[in-house]
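**Q** File run_24.txt below, compact mmCIF, C-alpha atoms:
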# COMPACT_ATOMS: atom_id res chain seq x y z
CA MET B 1 14.52 -13.44 1.82
CA SER B 2 12.39 -16.38 2.92
CA LEU B 3 9.90 -15.75 5.68
CA ALA B 4 8.54 -18.30 8.11
CA LYS B 5 4.79 -18.83 8.24
CA PRO B 6 2.79 -16.31 10.27
CA VAL B 7 0.95 -17.45 13.37
CA HIS B 8 -2.36 -16.91 11.58
CA ALA B 9 -2.06 -18.37 8.06
CA GLY B 10 -4.51 -19.27 5.32
CA PRO B 11 -4.33 -21.27 2.08
CA PHE B 12 -2.89 -18.49 -0.09
CA HIS B 13 0.05 -17.64 2.17
CA GLY B 14 3.05 -17.29 -0.16
CA GLN B 15 1.07 -18.57 -3.15
CA SER B 16 2.01 -17.31 -6.60
CA VAL B 17 -0.84 -15.99 -8.74
CA VAL B 18 1.09 -17.14 -11.78
CA ALA B 19 1.11 -20.72 -10.42
CA LEU B 20 -2.56 -20.54 -9.46
CA ALA B 21 -3.43 -19.35 -12.96
CA GLU B 22 -1.46 -22.23 -14.48
CA ASP B 23 -3.36 -24.73 -12.31
CA LEU B 24 -6.64 -23.11 -13.29
CA ARG B 25 -5.93 -23.50 -17.00
CA ALA B 26 -4.58 -27.02 -16.53
CA GLY B 27 -7.91 -28.00 -14.98
CA THR B 28 -6.43 -29.03 -11.63
CA LEU B 29 -8.02 -26.04 -9.88
CA THR B 30 -11.19 -24.02 -10.37
CA SER B 31 -12.09 -20.47 -9.48
CA VAL B 32 -14.91 -21.83 -7.32
CA GLN B 33 -12.41 -23.92 -5.36
CA MET B 34 -10.13 -20.92 -4.85
CA THR B 35 -12.99 -18.68 -3.86
CA GLN B 36 -14.40 -21.22 -1.43
CA ALA B 37 -10.94 -21.69 0.11
CA ALA B 38 -10.71 -17.92 0.57
CA LEU B 39 -14.18 -17.76 2.13
CA ASP B 40 -13.38 -20.64 4.49
CA SER B 41 -10.14 -18.99 5.59
CA ILE B 42 -11.93 -15.67 6.18
CA GLU B 43 -14.48 -17.46 8.35
CA ARG B 44 -11.63 -18.98 10.37
CA LEU B 45 -9.12 -16.10 10.51
CA ASN B 46 -11.12 -12.90 10.26
CA PRO B 47 -12.47 -13.07 13.83
CA ILE B 48 -8.81 -12.87 14.89
CA LEU B 49 -7.35 -10.48 12.30
CA ASN B 50 -10.34 -8.26 11.41
CA ALA B 51 -9.00 -7.81 7.88
CA PHE B 52 -12.34 -8.01 6.05
CA VAL B 53 -15.23 -5.71 6.89
CA HIS B 54 -17.72 -6.94 4.28
CA VAL B 55 -17.91 -10.28 2.46
CA ASP B 56 -20.83 -11.70 0.47
CA ALA B 57 -20.15 -15.39 -0.16
CA ALA B 58 -23.02 -15.79 -2.63
CA VAL B 59 -21.86 -12.84 -4.74
CA ALA B 60 -18.25 -14.04 -4.72
CA LEU B 61 -19.16 -17.62 -5.66
CA ALA B 62 -21.43 -16.40 -8.46
CA GLN B 63 -18.45 -14.51 -9.95
CA ALA B 64 -16.28 -17.63 -9.59
CA HIS B 65 -18.86 -19.86 -11.31
CA LYS B 66 -19.00 -17.35 -14.16
CA ALA B 67 -15.20 -17.33 -14.44
CA ASP B 68 -15.10 -21.13 -14.63
CA ALA B 69 -17.90 -21.21 -17.20
CA LEU B 70 -16.10 -18.70 -19.43
CA LEU B 71 -12.90 -20.73 -19.34
CA ALA B 72 -14.85 -23.87 -20.18
CA GLN B 73 -16.27 -22.04 -23.20
CA GLY B 74 -12.77 -21.02 -24.32
CA THR B 75 -12.93 -17.41 -23.12
CA ASP B 76 -9.82 -16.42 -21.15
CA LEU B 77 -9.84 -12.86 -19.85
CA GLY B 78 -6.20 -12.80 -18.79
CA PRO B 79 -3.80 -13.68 -15.94
CA LEU B 80 -6.24 -12.65 -13.18
CA HIS B 81 -9.17 -14.60 -14.61
CA GLY B 82 -10.84 -16.42 -11.71
CA ILE B 83 -8.37 -15.14 -9.09
CA PRO B 84 -9.90 -13.88 -5.79
CA VAL B 85 -8.98 -10.26 -5.04
CA ALA B 86 -9.81 -8.15 -1.96
CA ILE B 87 -10.64 -4.43 -2.25
CA LYS B 88 -9.85 -1.75 0.32
CA ASP B 89 -12.97 -0.21 1.84
CA ASN B 90 -12.27 3.30 0.49
CA ILE B 91 -12.66 2.02 -3.10
CA ASP B 92 -16.24 1.88 -4.42
CA THR B 93 -17.89 -1.44 -5.23
CA PHE B 94 -21.52 -1.54 -6.33
CA ASP B 95 -22.16 -4.99 -4.86
CA HIS B 96 -20.50 -4.53 -1.46
CA ILE B 97 -21.15 -2.04 1.32
CA THR B 98 -18.42 0.61 1.26
CA THR B 99 -18.05 2.64 4.44
CA TYR B 100 -14.63 4.32 3.95
CA GLY B 101 -14.00 3.14 7.51
CA SER B 102 -16.30 5.80 8.95
CA ALA B 103 -19.58 6.05 10.84
CA HIS B 104 -20.46 8.83 8.39
CA PHE B 105 -21.01 6.11 5.75
CA ALA B 106 -22.21 3.17 7.82
CA GLY B 107 -24.21 0.85 5.53
CA PHE B 108 -23.46 2.93 2.40
CA ARG B 109 -23.67 1.10 -0.93
CA PRO B 110 -22.20 2.91 -3.96
CA SER B 111 -24.18 2.94 -7.20
CA ARG B 112 -21.18 1.93 -9.31
CA ASP B 113 -17.69 0.47 -9.15
CA ALA B 114 -14.53 2.52 -9.04
CA LEU B 115 -12.82 2.39 -12.44
CA CYS B 116 -9.99 0.25 -11.05
CA VAL B 117 -12.54 -2.30 -9.76
CA GLN B 118 -14.39 -2.23 -13.07
CA ARG B 119 -11.11 -3.10 -14.79
CA LEU B 120 -10.57 -6.00 -12.38
CA ARG B 121 -14.00 -7.40 -13.15
CA GLU B 122 -13.39 -7.03 -16.89
CA ALA B 123 -10.15 -9.01 -16.39
CA GLY B 124 -12.15 -11.85 -14.84
CA ALA B 125 -11.01 -11.38 -11.23
CA VAL B 126 -13.36 -12.41 -8.42
CA VAL B 127 -14.05 -9.44 -6.12
CA LEU B 128 -14.17 -11.26 -2.81
CA GLY B 129 -14.93 -8.51 -0.32
CA LYS B 130 -13.90 -5.25 1.31
CA THR B 131 -10.93 -4.83 3.65
CA LEU B 132 -10.54 -2.56 6.64
CA THR B 133 -9.20 0.95 6.09
CA HIS B 134 -8.14 3.42 8.74
CA GLU B 135 -10.99 5.93 8.85
CA PHE B 136 -11.06 7.81 5.53
CA ALA B 137 -7.50 6.44 5.01
CA TYR B 138 -6.28 9.23 7.31
CA GLY B 139 -3.84 7.28 9.46
CA PRO B 140 -0.83 4.95 9.08
CA THR B 141 -1.60 2.50 11.90
CA GLY B 142 -4.82 0.75 10.79
CA ASP B 143 -6.34 0.78 14.29
CA ARG B 144 -8.82 3.65 13.95
CA SER B 145 -11.89 2.63 11.97
CA LEU B 146 -15.64 2.16 12.22
CA HIS B 147 -14.75 -1.54 12.20
CA GLY B 148 -12.08 -1.44 14.91
CA ALA B 149 -8.43 -2.38 14.43
CA ALA B 150 -6.94 -4.71 11.85
CA ARG B 151 -4.47 -7.13 13.43
CA ASN B 152 -1.09 -8.36 12.30
CA PRO B 153 -0.95 -12.02 11.15
CA TRP B 154 2.42 -12.47 12.86
CA ASN B 155 1.17 -11.17 16.22
CA ALA B 156 -2.49 -10.27 16.56
CA SER B 157 -1.76 -7.84 19.40
CA CYS B 158 0.19 -5.62 16.96
CA ILE B 159 -0.84 -3.17 14.26
CA THR B 160 -0.83 -4.01 10.58
CA GLY B 161 0.10 -0.47 9.64
CA GLY B 162 -2.23 1.54 7.47
CA SER B 163 -4.22 2.79 5.99
CA SER B 164 -4.49 -0.28 3.71
CA ALA B 165 -4.58 -2.34 6.88
CA GLY B 166 -7.01 -5.10 6.00
CA SER B 167 -5.62 -5.56 2.49
CA ALA B 168 -2.12 -6.24 3.84
CA ALA B 169 -3.38 -8.54 6.61
CA ALA B 170 -5.55 -10.46 4.12
CA VAL B 171 -2.65 -11.11 1.73
CA ALA B 172 0.11 -11.64 4.31
CA SER B 173 -2.01 -14.14 6.21
CA GLY B 174 -3.04 -15.96 3.05
CA MET B 175 -6.77 -15.33 3.10
CA VAL B 176 -6.43 -14.06 -0.49
CA PRO B 177 -3.53 -13.97 -2.96
CA LEU B 178 -4.05 -10.35 -4.02
CA ALA B 179 -5.54 -7.11 -2.73
CA LEU B 180 -5.98 -3.54 -3.84
CA GLY B 181 -4.98 -0.64 -1.59
CA THR B 182 -4.38 3.09 -1.68
CA ASP B 183 -1.30 5.06 -0.68
CA THR B 184 -1.17 8.77 0.23
CA GLY B 185 1.87 8.77 2.53
CA GLY B 186 2.82 5.11 2.64
CA SER B 187 -0.52 3.39 3.09
CA ILE B 188 0.32 0.41 0.85
CA ARG B 189 4.02 0.11 1.66
CA ILE B 190 3.74 0.53 5.44
CA PRO B 191 1.30 -2.35 6.04
CA GLY B 192 3.07 -4.35 3.34
CA ALA B 193 6.34 -4.01 5.27
CA LEU B 194 4.86 -4.58 8.73
CA CYS B 195 2.88 -7.65 7.63
CA GLY B 196 5.44 -9.23 5.29
CA ALA B 197 3.86 -8.65 1.87
CA VAL B 198 4.86 -6.89 -1.34
CA GLY B 199 3.29 -3.43 -1.55
CA PHE B 200 3.62 -1.27 -4.67
CA LYS B 201 2.79 2.43 -5.00
CA PRO B 202 2.87 3.30 -8.71
CA SER B 203 3.84 6.64 -10.22
CA PHE B 204 1.32 9.40 -9.56
CA ALA B 205 -1.78 9.26 -11.83
CA SER B 206 -0.80 5.93 -13.43
CA VAL B 207 -3.90 4.27 -11.94
CA PRO B 208 -7.20 6.19 -12.20
CA LEU B 209 -8.76 7.46 -8.98
CA GLN B 210 -12.39 7.62 -10.18
CA GLY B 211 -14.52 6.03 -7.47
CA VAL B 212 -11.76 6.10 -4.86
CA PHE B 213 -12.64 8.24 -1.84
CA PRO B 214 -10.09 11.08 -1.79
CA LEU B 215 -7.76 11.88 1.07
CA SER B 216 -5.33 14.27 -0.62
CA ALA B 217 -5.76 14.78 -4.35
CA SER B 218 -2.13 15.65 -5.08
CA LEU B 219 -0.75 12.66 -3.13
CA ASP B 220 -3.28 9.79 -3.56
CA HIS B 221 -2.28 6.60 -5.40
CA VAL B 222 -3.91 3.17 -5.98
CA GLY B 223 -1.81 0.02 -6.10
CA PRO B 224 -1.44 -3.70 -5.36
CA ILE B 225 -0.52 -5.79 -2.33
CA ALA B 226 0.70 -9.28 -3.20
CA ASN B 227 2.90 -12.19 -2.21
CA HIS B 228 5.31 -11.71 -5.12
CA VAL B 229 6.51 -8.82 -7.30
CA GLU B 230 5.31 -10.60 -10.44
CA ASP B 231 1.80 -10.85 -8.96
CA ALA B 232 1.87 -7.15 -8.06
CA ARG B 233 2.84 -6.39 -11.65
CA LEU B 234 -0.11 -8.39 -13.01
CA LEU B 235 -2.58 -6.55 -10.78
CA PHE B 236 -0.99 -3.20 -11.59
CA GLU B 237 -1.29 -3.85 -15.31
CA VAL B 238 -5.01 -4.52 -14.99
CA VAL B 239 -5.86 -1.46 -12.90
CA ALA B 240 -3.54 0.79 -14.92
CA GLY B 241 -5.14 -0.46 -18.13
CA ARG B 242 -1.86 -1.24 -19.90
CA THR B 243 0.92 -3.80 -20.18
CA CYS B 244 4.28 -3.16 -18.54
CA LYS B 245 7.10 -3.14 -21.08
CA PRO B 246 10.43 -4.62 -19.96
CA SER B 247 13.50 -2.51 -20.68
CA THR B 248 17.00 -3.76 -21.47
CA PRO B 249 19.63 -1.82 -19.49
CA ASP B 250 22.49 -0.53 -21.59
CA ARG B 251 24.83 -0.07 -18.64
CA PRO B 252 25.37 -1.36 -15.12
CA LEU B 253 22.76 -0.43 -12.52
CA ARG B 254 23.37 2.52 -10.21
CA VAL B 255 21.53 2.15 -6.90
CA GLY B 256 21.68 4.62 -4.01
CA TRP B 257 21.29 3.46 -0.41
CA ILE B 258 19.76 6.44 1.41
CA THR B 259 22.08 7.49 4.23
CA SER B 260 21.19 6.25 7.69
CA GLY B 261 18.87 8.62 9.53
CA THR B 262 18.13 10.81 6.50
CA PHE B 263 14.36 10.81 7.12
CA GLY B 264 14.57 10.06 10.85
CA PRO B 265 15.82 7.46 13.34
CA VAL B 266 15.94 3.80 12.32
CA ASP B 267 16.19 0.77 14.56
CA PRO B 268 19.89 -0.19 14.08
CA ALA B 269 19.25 -3.94 13.86
CA LEU B 270 16.46 -3.38 11.34
CA GLU B 271 18.66 -1.15 9.22
CA ARG B 272 21.47 -3.73 9.16
CA GLN B 273 19.07 -6.45 8.08
CA VAL B 274 17.45 -4.35 5.36
CA LYS B 275 20.80 -3.16 4.02
CA GLU B 276 22.01 -6.75 3.82
CA ALA B 277 18.89 -7.58 1.82
CA ALA B 278 19.61 -4.63 -0.49
CA GLN B 279 23.20 -5.81 -0.98
CA ARG B 280 21.98 -9.29 -1.92
CA LEU B 281 19.55 -7.75 -4.37
CA PHE B 282 21.84 -5.21 -6.03
CA GLY B 283 25.39 -6.33 -5.21
CA GLU B 284 28.13 -3.95 -6.33
CA SER B 285 25.56 -1.59 -7.84
CA LEU B 286 24.66 -0.38 -4.33
CA HIS B 287 26.35 2.78 -3.05
CA THR B 288 25.47 5.09 -0.17
CA THR B 289 24.07 8.50 -1.11
CA ALA B 290 23.66 11.55 1.14
CA GLN B 291 22.11 13.73 -1.57
CA LEU B 292 18.62 13.60 -0.09
CA GLU B 293 19.54 15.04 3.30
CA PRO B 294 19.24 18.74 2.26
CA LEU B 295 15.75 18.08 0.83
CA VAL B 296 14.11 16.46 3.84
CA ALA B 297 12.87 19.57 5.67
CA ASP B 298 11.19 20.96 2.55
CA MET B 299 9.72 17.55 1.72
CA LYS B 300 8.12 17.16 5.15
CA GLU B 301 6.83 20.75 5.27
CA ALA B 302 5.31 20.60 1.78
CA LEU B 303 3.70 17.20 2.26
CA LEU B 304 2.16 18.15 5.59
CA ALA B 305 0.62 21.35 4.22
CA LEU B 306 -0.73 19.67 1.08
CA GLN B 307 -2.19 16.68 2.88
CA ARG B 308 -3.77 18.69 5.67
CA ALA B 309 -5.33 21.33 3.42
CA GLU B 310 -6.65 18.84 0.91
CA ALA B 311 -7.97 16.45 3.57
CA TYR B 312 -9.83 19.25 5.34
CA ASN B 313 -11.29 20.38 2.04
CA VAL B 314 -12.82 16.90 1.63
CA HIS B 315 -14.24 16.79 5.15
CA ALA B 316 -15.03 20.42 6.03
CA LYS B 317 -18.81 20.01 5.83
CA ARG B 318 -18.77 16.80 7.91
CA MET B 319 -16.54 18.49 10.48
CA GLN B 320 -19.04 21.33 10.77
CA GLN B 321 -22.21 19.23 10.81
CA ALA B 322 -21.29 15.99 12.60
CA PRO B 323 -17.77 16.07 14.06
CA GLN B 324 -18.76 13.52 16.71
CA ARG B 325 -19.05 10.81 14.06
CA PHE B 326 -15.31 10.84 13.44
CA ASP B 327 -12.95 8.71 15.47
CA PRO B 328 -11.47 11.14 18.05
CA GLU B 329 -7.92 10.70 16.76
CA VAL B 330 -8.94 11.29 13.13
CA ARG B 331 -11.04 14.28 14.20
CA GLU B 332 -8.00 15.71 15.99
CA ARG B 333 -5.94 15.37 12.81
CA LEU B 334 -8.67 17.18 10.85
CA GLU B 335 -8.81 19.97 13.43
CA LEU B 336 -5.08 20.49 12.90
CA SER B 337 -5.65 20.32 9.16
CA ALA B 338 -8.06 23.25 9.32
CA GLU B 339 -5.22 25.51 10.45
CA VAL B 340 -3.32 25.47 7.12
CA ARG B 341 -3.33 28.96 5.59
CA GLY B 342 -3.86 29.64 1.91
CA TRP B 343 -0.36 30.99 1.44
CA GLN B 344 1.08 27.87 3.07
CA TYR B 345 -0.80 25.67 0.62
CA VAL B 346 0.35 27.71 -2.38
CA ARG B 347 3.93 27.62 -1.11
CA ALA B 348 3.68 23.84 -0.64
CA GLN B 349 2.51 23.41 -4.23
CA ALA B 350 5.52 25.38 -5.46
CA LYS B 351 7.85 23.29 -3.30
CA GLN B 352 6.31 20.10 -4.62
CA THR B 353 6.97 21.20 -8.20
CA ALA B 354 10.56 22.13 -7.36
CA LEU B 355 11.18 18.85 -5.51
CA LYS B 356 9.86 16.81 -8.43
CA ALA B 357 12.36 18.57 -10.67
CA THR B 358 15.16 17.97 -8.17
CA MET B 359 14.34 14.26 -8.00
CA ALA B 360 14.29 14.05 -11.81
CA ARG B 361 17.85 15.44 -11.84
CA LEU B 362 18.93 13.03 -9.11
CA PHE B 363 17.61 10.08 -11.10
CA GLU B 364 19.89 11.06 -13.96
CA HIS B 365 22.62 9.59 -11.73
CA TYR B 366 20.71 6.69 -10.13
CA ASP B 367 18.41 3.99 -11.42
CA PHE B 368 16.90 3.30 -8.00
CA LEU B 369 17.07 4.56 -4.43
CA VAL B 370 16.66 2.14 -1.53
CA SER B 371 15.96 2.37 2.20
CA PRO B 372 14.02 0.59 4.90
CA SER B 373 10.30 0.83 4.14
CA VAL B 374 9.49 1.42 7.80
CA PRO B 375 12.20 2.09 10.42
CA ILE B 376 10.58 -0.11 13.10
CA THR B 377 8.61 -3.35 13.33
CA ALA B 378 4.91 -3.38 14.16
CA THR B 379 3.99 -1.81 17.49
CA PRO B 380 1.15 -2.87 19.81
CA ILE B 381 -2.34 -1.77 18.77
CA ASP B 382 -3.18 1.69 20.18
CA ALA B 383 0.47 2.43 21.09
CA ARG B 384 1.40 5.95 20.09
CA GLU B 385 5.00 6.09 21.32
CA VAL B 386 7.95 3.91 20.35
CA HIS B 387 11.57 3.84 21.48
CA VAL B 388 14.15 3.92 18.69
CA ALA B 389 17.89 4.31 19.29
CA ASP B 390 17.41 5.84 22.76
CA GLN B 391 14.72 8.23 21.52
CA THR B 392 11.00 8.27 22.27
CA LEU B 393 9.12 8.90 19.02
CA ASP B 394 5.55 9.27 17.81
CA VAL B 395 4.52 5.97 16.21
CA ARG B 396 2.53 7.57 13.42
CA ALA B 397 5.27 9.96 12.32
CA THR B 398 7.86 7.19 12.57
CA VAL B 399 6.09 4.64 10.37
CA LEU B 400 5.49 7.34 7.73
CA SER B 401 9.00 8.78 7.80
CA TYR B 402 10.57 6.79 4.95
CA THR B 403 7.58 6.47 2.63
CA SER B 404 5.80 9.82 2.35
CA ALA B 405 8.45 11.67 0.32
CA TRP B 406 7.65 9.47 -2.67
CA ASN B 407 3.97 10.44 -2.56
CA LEU B 408 4.97 14.09 -2.60
CA THR B 409 7.24 13.56 -5.61
CA GLY B 410 4.95 10.99 -7.26
CA LEU B 411 7.68 8.38 -7.74
CA PRO B 412 7.04 4.62 -8.00
CA ALA B 413 8.06 2.83 -4.81
CA ILE B 414 7.75 -0.76 -3.68
CA SER B 415 8.19 -2.50 -0.34
CA LEU B 416 9.70 -5.99 -0.47
CA PRO B 417 9.77 -8.46 2.42
CA ALA B 418 13.25 -8.51 3.97
CA GLY B 419 12.88 -11.24 6.57
CA LEU B 420 11.94 -11.17 10.24
CA LEU B 421 13.36 -9.22 13.16
CA ASN B 422 12.39 -10.57 16.58
CA GLY B 423 9.64 -12.54 14.89
CA MET B 424 8.10 -9.61 13.00
CA PRO B 425 8.44 -8.67 9.30
CA VAL B 426 10.57 -5.84 7.96
CA GLY B 427 10.56 -4.30 4.48
CA LEU B 428 13.05 -3.02 1.92
CA GLN B 429 11.82 -0.02 -0.09
CA VAL B 430 12.97 0.49 -3.68
CA ILE B 431 12.17 3.82 -5.37
CA GLY B 432 12.33 4.47 -9.11
CA ALA B 433 12.28 7.52 -11.35
CA SER B 434 8.94 9.06 -12.28
CA GLY B 435 7.16 6.86 -14.81
CA ASP B 436 9.72 4.08 -14.44
CA ASP B 437 7.18 1.63 -12.99
CA ASP B 438 7.67 -0.98 -15.70
CA ARG B 439 11.41 -1.21 -15.26
CA LEU B 440 11.14 -1.30 -11.48
CA LEU B 441 8.62 -4.14 -11.52
CA HIS B 442 10.28 -6.23 -14.20
CA LEU B 443 13.77 -5.96 -12.74
CA LEU B 444 12.68 -6.72 -9.18
CA ALA B 445 10.55 -9.65 -10.35
CA GLN B 446 13.71 -11.09 -11.92
CA ARG B 447 16.03 -10.33 -9.00
CA SER B 448 14.03 -10.69 -5.81
CA PRO B 449 13.55 -14.21 -4.53
CA ASN B 450 10.04 -15.25 -3.64
CA PRO B 451 9.23 -13.97 -0.16
CA GLN B 452 8.28 -17.47 0.95
Output the structure of this file as C-alpha cells.

**A**
Amino acid sequence: MSLAKPVHAGPFHGQSVVALAEDLRAGTLTSVQMTQAALDSIERLNPILNAFVHVDAAVALAQAHKADALLAQGTDLGPLHGIPVAIKDNIDTFDHITTYGSAHFAGFRPSRDALCVQRLREAGAVVLGKTLTHEFAYGPTGDRSLHGAARNPWNASCITGGSSAGSAAAVASGMVPLALGTDTGGSIRIPGALCGAVGFKPSFASVPLQGVFPLSASLDHVGPIANHVEDARLLFEVVAGRTCKPSTPDRPLRVGWITSGTFGPVDPALERQVKEAAQRLFGESLHTTAQLEPLVADMKEALLALQRAEAYNVHAKRMQQAPQRFDPEVRERLELSAEVRGWQYVRAQAKQTALKATMARLFEHYDFLVSPSVPITATPIDAREVHVADQTLDVRATVLSYTSAWNLTGLPAISLPAGLLNGMPVGLQVIGASGDDDRLLHLLAQRSPNPQ
C-alpha cells in the first residue's frame, strides 16, 4: 500500500536500491553524490530524529570515492556497490565508535568489523555510520539508550520501536536507503512496522553473529531494514553470504491469517486495515487459522525464560560491578532476569525444541502465516501504558506480542508497510517455514507493491 511522505523526510525516502544501482552504472549518479546526500540529510534531520549516534563524513566519503574509482576501472562488486548503508550500534565496526547503546561502552572502538559488516564492505557498500540501539538491544521501544530516544519520522514525539530504533528511523525517513539491524523478539520488525519500512528477520543462524553484541544467544538474528522487499533481499544475500534461489510453486499458495487476539489484544481498526492488506496480497489463498492458540502460553513462557537467563549471563559481571551505569529500566529488566532458575531454563530449551517441531508440522499445511506486525501504532516516547480495545496494557509487552514467537521458533518473518492509521504507519507480518527465506523474499518482492 502506498504511504504518504513522513513529516521528516530525506532524499532516500521510498528510493529503490535497484534503481539507484542502475543510475550508478549508467553514470548519472555517483557513490560520492549518494553519500554526500545522506550526510547532508543526517545533518538536517538527525537533530530531530536522533537516528544516528556516530557518523564520520570523511571516512564515509573515502569509501564512496573508492567505490566510484573501482567502477571506473571496471570492477563491480555487486548490487550494493557504492550504496550507503547504516549499521546498528550493537554491531561492531572498526572505524566507528560502537557503544551498544550503553554507558558501559561509551567511546569504545572495536578492533575489527563484525562478519556481516565485513561482507558489506567486500560487496562495495559504503558504511555510513552507526544507528541508535535501545541499551544492549534489551527493549522494544527505542527510547532507553546512552544516546537518548530515537524519534519516529512520522511524529517526532512518538517512539520508533526497538531495539533497531535508529536503523528504522534512518531508512523510513530517507536518510539512507538501507540499514542493518538485529532482532531478538521483534527488534527489526517492530520499528519497521511503526516507522513504515520493510523489516526482515531471517531464519535463525542464516546470518553470522560474529561481532554482534549478544542479547540472547538462542534468539538473536541479524537482518535488513529497507524501503522495498527486493532491497531487503539484496542486503540479506550479502550478509548471509549466499544468493537467494527463487522457487516455482507446484500448487496454489496456502496462507493462514492468525486468528484475532491469538497473541493478545489488537486495535480493531489496525487489524481491519492489515487484514485488507493481506487479502490484497494473497487473495483467495488467505484463510483464518486458529491452530496457534493452544501454543501461545508455552511460547511466551519459554521465550521469557530463555531471553532472561541468557541476557543475565551476558551482563552478570556488569550488574555486580557497575549496576548504576545501566539505564534504570534496563537494569530493572536484568534484575528480573537474574531470578530465572536453572530448571526453568532447561525446561524452556525443551519447550523451544518441541515448538520448533510443532511449527514444522504446521507448515506442512501452510506456506505462510500472516498477522499484524505490531497490534498498535507508535506510542508517545516514554509512555509505558496503552489502551487497546478497552484494556490498559503494558506498551513493551504489547509491541512484542506478535513478533517474538518467531524468534523462539527461528522462523523467517518480515514486516511490510500496510498504510497509515491516524497518520501513523502499520505493518503486515508474513512468516515462513524454517529455512524458507528465499521463497518468502522472492514471492513478496513479486507480489507486494512498492511501499511508496

**Q** Looking at only C-alpha atoms, which of B:His13, B:Arg272, B:Arg254, B:Arg109 is the one that sits closest to Leu421 (chain B)?

**A**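 Closest to Leu421 (chain B) of all the choices is B:Arg272.
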
**Q** Return the single residue from B:Pro224, B:Asn90, B:Gly185, B:Ile381 that is closest to Ala150 (chain B), with distances computed using only C-alpha atoms.

**A**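 Answer, going by the shortest atom-to-atom distance: B:Ile381.
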
**Q** For Phe326 (chain B), which residue among B:Glu22, B:Asp231, B:Glu122, B:Glu135 is the nearest when counting only C-alpha atoms?

**A**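 When distances to Phe326 (chain B) are compared using only C-alpha atoms, the smallest one comes from B:Glu135.
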
**Q** Can you tell me which residues surround region 78-81 of chain B at a distance of at most 10 Å, considering all atoms listed in the file, apart from same-chain residues fewer than 6 positions away, and format the answer as a PyMOL selection string?

**A** chain B and resi 17-18+20-22+24-25+31+64+67-68+70-71+120-126+178+231+234-235+238

**Q** With all atoms listed in the file as the basis for distance, which of B:Pro110, B:Ile188, B:Ala60, B:Ala179 is at the shortest distance from Val127 (chain B)?

**A**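 Comparing B:Pro110, B:Ile188, B:Ala60, B:Ala179 against Val127 (chain B), the winner is B:Ala60.
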
**Q** Between CA of Gly27 (chain B) and CA of Glu237 (chain B), what is the distance in Å, rounded to a tenth?

**A**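 Atom-to-atom, CA of Gly27 (chain B) to CA of Glu237 (chain B), that is 25.0 Å.
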
**Q** For Pro208 (chain B), find every residue with an atom within 9 Å (counting all atoms listed in the file), except residues of its own chain fewer than 3 positions away, and show them as a tab-separated table (two decimals) with C-alpha atoms, in the coordinates of the input.

**A**
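result23.tsv written:
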chain	number	residue	atom	x	y	z
B	114	ALA	CA	-14.53	2.52	-9.04
B	115	LEU	CA	-12.82	2.39	-12.44
B	116	CYS	CA	-9.99	0.25	-11.05
B	205	ALA	CA	-1.78	9.26	-11.83
B	211	GLY	CA	-14.52	6.03	-7.47
B	212	VAL	CA	-11.76	6.10	-4.86
B	221	HIS	CA	-2.28	6.60	-5.40
B	222	VAL	CA	-3.91	3.17	-5.98
B	239	VAL	CA	-5.86	-1.46	-12.90
B	240	ALA	CA	-3.54	0.79	-14.92

**Q** Considering all atoms listed in the file, can you say which of B:Gln33, B:Ser371, B:Gln118, B:Ser448 comes closest to Gln273 (chain B)?

**A**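 Selected residue with least distance to Gln273 (chain B): B:Ser371.
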
**Q** Anything within 6 Å of (10.5, 6.3, 15.0): list those residues as a list in words, counting all atoms listed in the file and sticking to the file's coordinates.

**A**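 The requested residues, written out, are Pro265, Val388, Leu393 and Thr398 of chain B.
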
**Q** Between CA of Leu281 (chain B) and CA of Leu440 (chain B), what is the distance in Å, rounded to a tenth?

**A**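 CA of Leu440 (chain B) lies at a distance of 12.8 Å from CA of Leu281 (chain B).
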